[in-house]
file model.cif (mmCIF, C-alpha atoms)
data_coords
#
loop_
_atom_site.label_atom_id
_atom_site.label_comp_id
_atom_site.auth_asym_id
_atom_site.auth_seq_id
_atom_site.Cartn_x
_atom_site.Cartn_y
_atom_site.Cartn_z
CA MET H 243 78.90 145.45 81.22
CA LYS H 244 81.96 146.48 83.20
CA VAL H 245 84.12 143.68 84.53
CA ASP H 246 86.22 144.20 87.68
CA MET H 247 89.53 142.61 86.65
CA SER H 248 90.95 142.70 90.18
CA LYS H 249 87.93 140.88 91.53
CA CYS H 250 88.10 138.27 88.76
CA LEU H 251 91.82 137.78 89.40
CA VAL H 252 91.31 137.24 93.13
CA LEU H 253 88.54 134.74 92.43
CA LEU H 254 90.78 132.92 89.96
CA VAL H 255 93.60 132.79 92.50
CA ASN H 256 91.17 131.52 95.12
CA THR H 257 90.18 128.74 92.74
CA ALA H 258 93.84 127.78 92.36
CA TYR H 259 94.23 127.85 96.14
CA MET H 260 91.18 125.61 96.40
CA MET H 261 92.90 123.13 94.07
CA CYS H 262 95.81 123.00 96.53
CA GLY H 263 93.33 121.94 99.18
CA VAL H 264 91.94 119.22 96.91
CA CYS H 265 95.48 117.96 96.25
CA LEU H 266 96.14 117.78 99.99
CA VAL H 267 92.99 115.76 100.60
CA LEU H 268 93.80 113.39 97.74
CA GLY H 269 97.44 113.11 98.89
CA GLY H 270 96.34 112.23 102.41
CA ALA H 271 93.88 109.65 101.10
CA TYR H 272 96.58 108.10 98.90
CA LEU H 273 99.02 107.88 101.82
CA LEU H 274 96.34 106.35 104.01
CA SER H 275 95.67 103.70 101.36
CA ASP H 276 99.37 102.76 101.14
CA THR H 277 99.21 100.15 103.90
CA GLU H 278 102.86 99.05 103.67
CA ARG H 279 104.20 102.58 103.97
CA VAL H 280 101.89 103.36 106.87
CA LEU H 281 102.77 100.10 108.61
CA LEU H 282 106.51 100.67 108.26
CA SER H 283 106.15 104.07 109.91
CA ARG H 284 105.13 102.21 113.08
CA LEU H 285 108.86 101.43 113.53
CA VAL H 286 109.81 105.11 113.87
CA TYR H 287 110.56 105.70 117.53
CA ASN H 288 108.33 108.40 118.98
CA ALA H 289 108.77 109.92 122.41
CA VAL H 290 104.99 110.15 122.72
CA PRO H 291 103.35 106.68 122.40
CA LEU H 292 101.00 106.56 119.43
CA HIS H 293 98.04 104.22 119.05
CA GLN H 294 98.49 104.14 115.27
CA PRO H 295 101.54 104.34 112.94
CA LEU H 296 103.05 107.78 112.42
CA PHE H 297 102.04 108.09 108.76
CA TYR H 298 98.43 107.32 109.70
CA TYR H 299 98.34 110.62 111.59
CA VAL H 300 100.30 112.37 108.82
CA ALA H 301 97.68 111.25 106.29
CA LEU H 302 94.84 112.44 108.50
CA ALA H 303 96.66 115.75 109.06
CA LEU H 304 97.04 116.26 105.29
CA MET H 305 93.34 115.61 104.75
CA ILE H 306 92.29 117.92 107.59
CA ILE H 307 94.60 120.71 106.37
CA GLY H 308 93.24 120.22 102.85
CA LEU H 309 89.67 120.58 104.09
CA LEU H 310 90.64 123.72 106.03
CA VAL H 311 92.24 125.15 102.88
CA LEU H 312 89.05 124.41 100.96
CA ALA H 313 86.93 126.09 103.62
CA LEU H 314 89.30 129.07 103.68
CA SER H 315 89.09 129.36 99.90
CA VAL H 316 85.29 129.40 100.00
CA PHE H 317 85.43 132.07 102.69
CA GLY H 318 87.84 134.10 100.54
CA CYS H 319 85.54 133.88 97.53
CA TYR H 320 82.62 135.04 99.67
CA ALA H 321 84.64 137.94 101.10
CA VAL H 322 85.57 139.12 97.61
CA GLN H 323 82.03 138.71 96.25
CA VAL H 324 80.43 140.84 98.99
CA GLU H 325 83.32 143.35 98.67
CA ASN H 326 83.72 143.57 102.44
CA SER H 327 87.19 144.92 103.28
CA CYS H 328 87.04 143.57 106.85
CA LEU H 329 86.30 140.04 105.67
CA VAL H 330 89.05 140.26 103.05
CA ALA H 331 91.51 141.44 105.70
CA LEU H 332 90.46 138.58 108.00
CA TYR H 333 90.87 136.13 105.14
CA LEU H 334 94.39 137.36 104.39
CA PHE H 335 95.32 137.25 108.10
CA ILE H 336 94.12 133.65 108.51
CA LEU H 337 95.88 132.67 105.29
CA LEU H 338 99.14 134.21 106.52
CA VAL H 339 98.87 132.44 109.90
CA VAL H 340 98.31 129.08 108.18
CA LEU H 341 101.32 129.60 105.92
CA LEU H 342 103.54 130.56 108.88
CA ALA H 343 102.41 127.49 110.86
CA GLU H 344 103.12 125.20 107.91
CA SER H 345 106.56 126.77 107.43
CA VAL H 346 107.56 126.40 111.09
CA PHE H 347 106.36 122.78 111.21
CA GLY H 348 108.23 121.91 108.01
CA ILE H 349 111.47 123.54 109.20
CA LEU H 350 111.35 121.77 112.57
CA THR H 351 110.66 118.41 110.93
CA ALA H 352 113.52 118.84 108.45
CA ILE H 353 116.18 120.31 110.75
CA CYS H 354 115.30 119.02 114.23
CA PRO H 355 113.07 115.92 113.96
CA GLU H 356 113.88 115.08 117.59
CA TYR H 357 111.89 118.17 118.62
CA MET H 358 108.87 116.52 117.00
CA GLY H 359 109.47 113.40 119.09
CA LEU H 360 110.98 111.40 116.21
CA LYS H 361 114.14 109.39 116.87
CA THR H 362 116.12 106.72 115.04
CA GLU H 363 118.91 106.17 117.56
CA ASN H 364 120.17 102.60 117.78
CA GLU H 365 119.49 102.15 121.49
CA ASP H 366 115.93 103.52 121.40
CA VAL H 367 114.87 101.55 118.33
CA THR H 368 116.52 98.32 119.55
CA ASP H 369 114.76 98.57 122.90
CA GLN H 370 111.47 99.19 121.12
CA TRP H 371 111.90 96.14 118.87
CA GLN H 372 112.86 93.88 121.78
CA ARG H 373 109.91 94.96 123.92
CA ASN H 374 107.25 94.69 121.21
CA TYR H 375 108.05 91.90 118.75
CA GLY H 376 105.83 88.87 119.19
CA VAL H 377 104.22 90.23 122.36
CA PRO H 378 100.43 89.70 122.63
CA GLY H 379 98.60 92.95 121.89
CA ARG H 380 101.51 94.20 119.75
CA GLU H 381 100.47 92.43 116.57
CA GLN H 382 100.67 95.58 114.46
CA TYR H 383 104.22 96.25 115.59
CA THR H 384 105.17 92.62 115.00
CA ALA H 385 103.79 92.84 111.45
CA ALA H 386 105.76 96.06 110.87
CA ILE H 387 109.02 94.37 111.90
CA ASP H 388 108.30 91.36 109.69
CA LEU H 389 107.56 93.72 106.80
CA ALA H 390 110.82 95.63 107.35
CA GLN H 391 112.89 92.46 107.53
CA THR H 392 111.27 91.07 104.39
CA LYS H 393 111.42 94.34 102.44
CA PHE H 394 114.96 95.36 103.41
CA GLU H 395 116.33 91.79 103.63
CA CYS H 396 117.65 92.31 107.14
CA CYS H 397 117.30 90.81 110.60
CA GLY H 398 116.99 92.70 113.88
CA ILE H 399 118.26 96.22 114.37
CA ASN H 400 121.95 95.32 114.45
CA SER H 401 121.71 91.58 113.73
CA GLY H 402 119.60 88.54 114.54
CA LYS H 403 121.23 88.45 117.97
CA ASP H 404 118.90 91.27 119.03
CA PHE H 405 116.09 88.73 119.29
CA MET H 406 118.00 86.58 121.78
CA THR H 407 117.33 89.18 124.51
CA SER H 408 113.88 90.17 123.29
CA TRP H 409 110.68 89.55 125.23
CA TRP H 410 109.68 87.24 122.39
CA ARG H 411 112.47 84.86 123.48
CA LEU H 412 112.80 85.63 127.20
CA ARG H 413 109.07 85.16 127.82
CA GLU H 414 109.08 82.02 125.67
CA LEU H 415 106.52 83.48 123.28
CA ALA H 416 108.43 82.07 120.31
CA ALA H 417 108.23 78.49 119.16
CA PRO H 418 111.00 76.41 120.80
CA ASN H 419 112.78 75.86 117.48
CA LEU H 420 112.85 79.56 116.51
CA LEU H 421 115.94 81.63 117.28
CA VAL H 422 114.90 84.44 114.93
CA PRO H 423 111.58 85.24 113.21
CA LEU H 424 110.86 83.48 109.94
CA SER H 425 110.97 86.87 108.20
CA CYS H 426 114.74 86.84 108.84
CA CYS H 427 115.12 83.75 106.64
CA HIS H 428 115.81 83.75 102.93
CA PRO H 429 112.44 83.26 101.20
CA ASP H 430 111.55 80.31 99.05
CA PRO H 431 111.86 81.46 95.40
CA LYS H 432 108.92 79.21 94.56
CA ASN H 433 106.70 81.65 96.46
CA PRO H 434 107.55 85.07 94.93
CA ASP H 435 104.27 86.60 96.05
CA GLN H 436 104.60 85.50 99.65
CA SER H 437 103.23 87.78 102.32
CA PHE H 438 105.37 89.09 105.13
CA LEU H 439 102.55 87.95 107.40
CA ASP H 440 103.25 84.33 106.45
CA PRO H 441 106.87 84.00 105.28
CA GLN H 442 107.94 80.71 103.72
CA PRO H 443 111.69 80.14 104.36
CA LEU H 444 113.87 78.44 101.77
CA ASN H 445 115.49 76.33 104.50
CA GLU H 446 114.00 76.90 107.95
CA THR H 447 116.28 74.38 109.69
CA LEU H 448 119.44 76.00 108.37
CA CYS H 449 118.08 79.48 109.07
CA GLN H 450 117.49 78.61 112.73
CA ASP H 451 120.88 76.96 113.19
CA LYS H 452 123.05 78.30 116.02
CA GLN H 453 126.30 78.18 114.06
CA PRO H 454 127.09 81.34 112.05
CA ASP H 455 128.80 79.33 109.32
CA ASN H 456 125.53 77.50 108.77
CA TYR H 457 122.78 80.10 109.22
CA ILE H 458 124.62 82.66 107.10
CA LEU H 459 123.57 80.58 104.10
CA ALA H 460 119.85 80.88 104.87
CA ARG H 461 119.42 83.96 107.06
CA TYR H 462 119.80 87.70 106.58
CA THR H 463 122.75 88.89 108.65
CA GLU H 464 122.63 92.65 108.14
CA GLY H 465 120.74 94.80 110.65
CA CYS H 466 117.68 96.84 109.69
CA LEU H 467 118.66 100.16 111.29
CA GLU H 468 120.54 101.64 108.31
CA PRO H 469 117.94 100.77 105.62
CA LEU H 470 115.16 101.89 107.96
CA VAL H 471 116.84 105.26 108.54
CA LEU H 472 117.44 105.70 104.80
CA TRP H 473 113.81 104.82 104.10
CA LEU H 474 112.58 107.33 106.67
CA ARG H 475 114.82 110.06 105.24
CA HIS H 476 113.52 109.34 101.76
CA GLN H 477 109.90 109.50 102.90
CA THR H 478 110.55 112.69 104.85
CA SER H 479 112.27 114.24 101.83
CA LEU H 480 109.27 113.44 99.62
CA LEU H 481 106.85 114.99 102.12
CA LEU H 482 109.03 118.07 102.57
CA LEU H 483 109.44 118.50 98.81
CA ALA H 484 105.68 118.31 98.31
CA GLY H 485 105.20 120.74 101.20
CA LEU H 486 107.77 123.16 99.76
CA ILE H 487 106.07 123.15 96.36
CA LYS H 488 102.68 123.70 97.97
CA LEU H 489 104.04 126.47 100.21
CA SER H 490 105.67 128.24 97.25
CA ILE H 491 102.41 128.15 95.29
CA GLN H 492 100.46 129.45 98.30
CA LEU H 493 102.92 132.30 98.86
CA LEU H 494 102.69 133.25 95.20
CA LEU H 495 98.89 133.20 95.35
CA LEU H 496 98.92 135.25 98.55
CA PHE H 497 101.18 137.83 96.92
CA VAL H 498 98.85 138.06 93.90
CA ILE H 499 95.80 138.48 96.16
CA ILE H 500 97.47 141.23 98.23
CA LEU H 501 98.65 143.01 95.05
CA SER H 502 95.17 142.86 93.54
CA CYS H 503 93.52 144.15 96.71
CA THR H 504 96.09 146.97 96.96
CA ARG H 505 95.44 148.06 93.38
CA GLN H 506 91.69 147.93 93.90
CA SER H 507 91.85 150.06 97.05
CA SER H 508 94.09 152.63 95.36
CA LYS H 509 91.54 153.31 92.63
#
call {"tool": "encode", "arguments": {"input": "model.cif", "output": "structure tokens"}}
result
Amino acid sequence: MKVDMSKCLVLLVNTAYMMCGVCLVLGGAYLLSDTERVLLSRLVYNAVPLHQPLFYYVALALMIIGLLVLALSVFGCYAVQVENSCLVALYLFILLVVLLAESVFGILTAICPEYMGLKTENEDVTDQWQRNYGVPGREQYTAAIDLAQTKFECCGINSGKDFMTSWWRLRELAAPNLLVPLSCCHPDPKNPDQSFLDPQPLNETLCQDKQPDNYILARYTEGCLEPLVLWLRHQTSLLLLAGLIKLSIQLLLLFVIILSCTRQSSK
């Protein structure tokens, strides 16, 4: 029984390409299950208003792309099995278009994130915090700010003074005794597993004091902008690194498929 080595090689490469699709689907599902990471991404300023946090859409995009890769792999296997040169050519063309689209998107996100509508400028983020924190109907955004302040041990974008001109204070949505959210206060060490949704301050009275010499002992004084920007860069770097590895594997597989098809047609 004669075995077509080129055909077997292409099928093997297609199987590897299919595994890339499975990894994308699993990666998207993992990101979607990481509620804290997804919630924090709500704080990334986006020129286009989003109904859900940014990473929610990133996770869905990864899963959709993974499913498309799986479908494309199945199509490639079918094209090779029926030995139809037109279908194989169409498969290679679609594969090349997908790789080019992924490359362009990754380059734009890495070099010019503002072209993708992503911004971390002080003025934009501060305005967003002041307009959304504690406002009815903005509970998700409020939770994201509380999470950031608890996680990064910070208060406001620049300082706790940002809340003095926020809608939360100006519209009297805050409790009369609150100058800053409770998530700005040093937590009670007796509650190590406290949730950012229900922070328990070590000394709420001292934290809400108007005198800097007093509240500095019980309140975070550093702004959240710098740690938030560093966090976003770290997350972006992880996504880009994973994308680069995936793209390199796909390019290698594409090269192997084209080489195998070339050798087969030359026989």
call {"tool": "resolve_selection", "arguments": {"input": "model.cif", "expression": "the PyMOL selection byres ((chain H and resi 363-377) around 7)", "output": "PDB file with C-alpha atoms, in the coordinates of the input"}}
result
ATOM      1  CA  TYR H 287     110.560 105.700 117.530  1.00  0.00           C
ATOM      2  CA  LYS H 361     114.140 109.390 116.870  1.00  0.00           C
ATOM      3  CA  THR H 362     116.120 106.720 115.040  1.00  0.00           C
ATOM      4  CA  PRO H 378     100.430  89.700 122.630  1.00  0.00           C
ATOM      5  CA  GLY H 379      98.600  92.950 121.890  1.00  0.00           C
ATOM      6  CA  ARG H 380     101.510  94.200 119.750  1.00  0.00           C
ATOM      7  CA  GLU H 381     100.470  92.430 116.570  1.00  0.00           C
ATOM      8  CA  TYR H 383     104.220  96.250 115.590  1.00  0.00           C
ATOM      9  CA  THR H 384     105.170  92.620 115.000  1.00  0.00           C
ATOM     10  CA  ILE H 399     118.260  96.220 114.370  1.00  0.00           C
ATOM     11  CA  PHE H 405     116.090  88.730 119.290  1.00  0.00           C
ATOM     12  CA  SER H 408     113.880  90.170 123.290  1.00  0.00           C
ATOM     13  CA  TRP H 409     110.680  89.550 125.230  1.00  0.00           C
ATOM     14  CA  TRP H 410     109.680  87.240 122.390  1.00  0.00           C
ATOM     15  CA  LEU H 415     106.520  83.480 123.280  1.00  0.00           C
TER      16      LEU H 415
END
call {"tool": "closest_residue", "arguments": {"input": "model.cif", "among": "H:Met406, H:Gly269, H:Ile307, H:Val322", "to": "Leu341 of chain H", "atoms": "all atoms listed in the file"}}
result
H:Ile307
call {"tool": "atom_distance", "arguments": {"input": "model.cif", "atom1": "atom CA of Glu344 of chain H", "atom2": "atom CA of Leu332 of chain H"}}
result
18.4 Å
call {"tool": "atom_distance", "arguments": {"input": "model.cif", "atom1": "atom CA of Met260 of chain H", "atom2": "atom CA of Ala303 of chain H"}}
result
17.0 Å
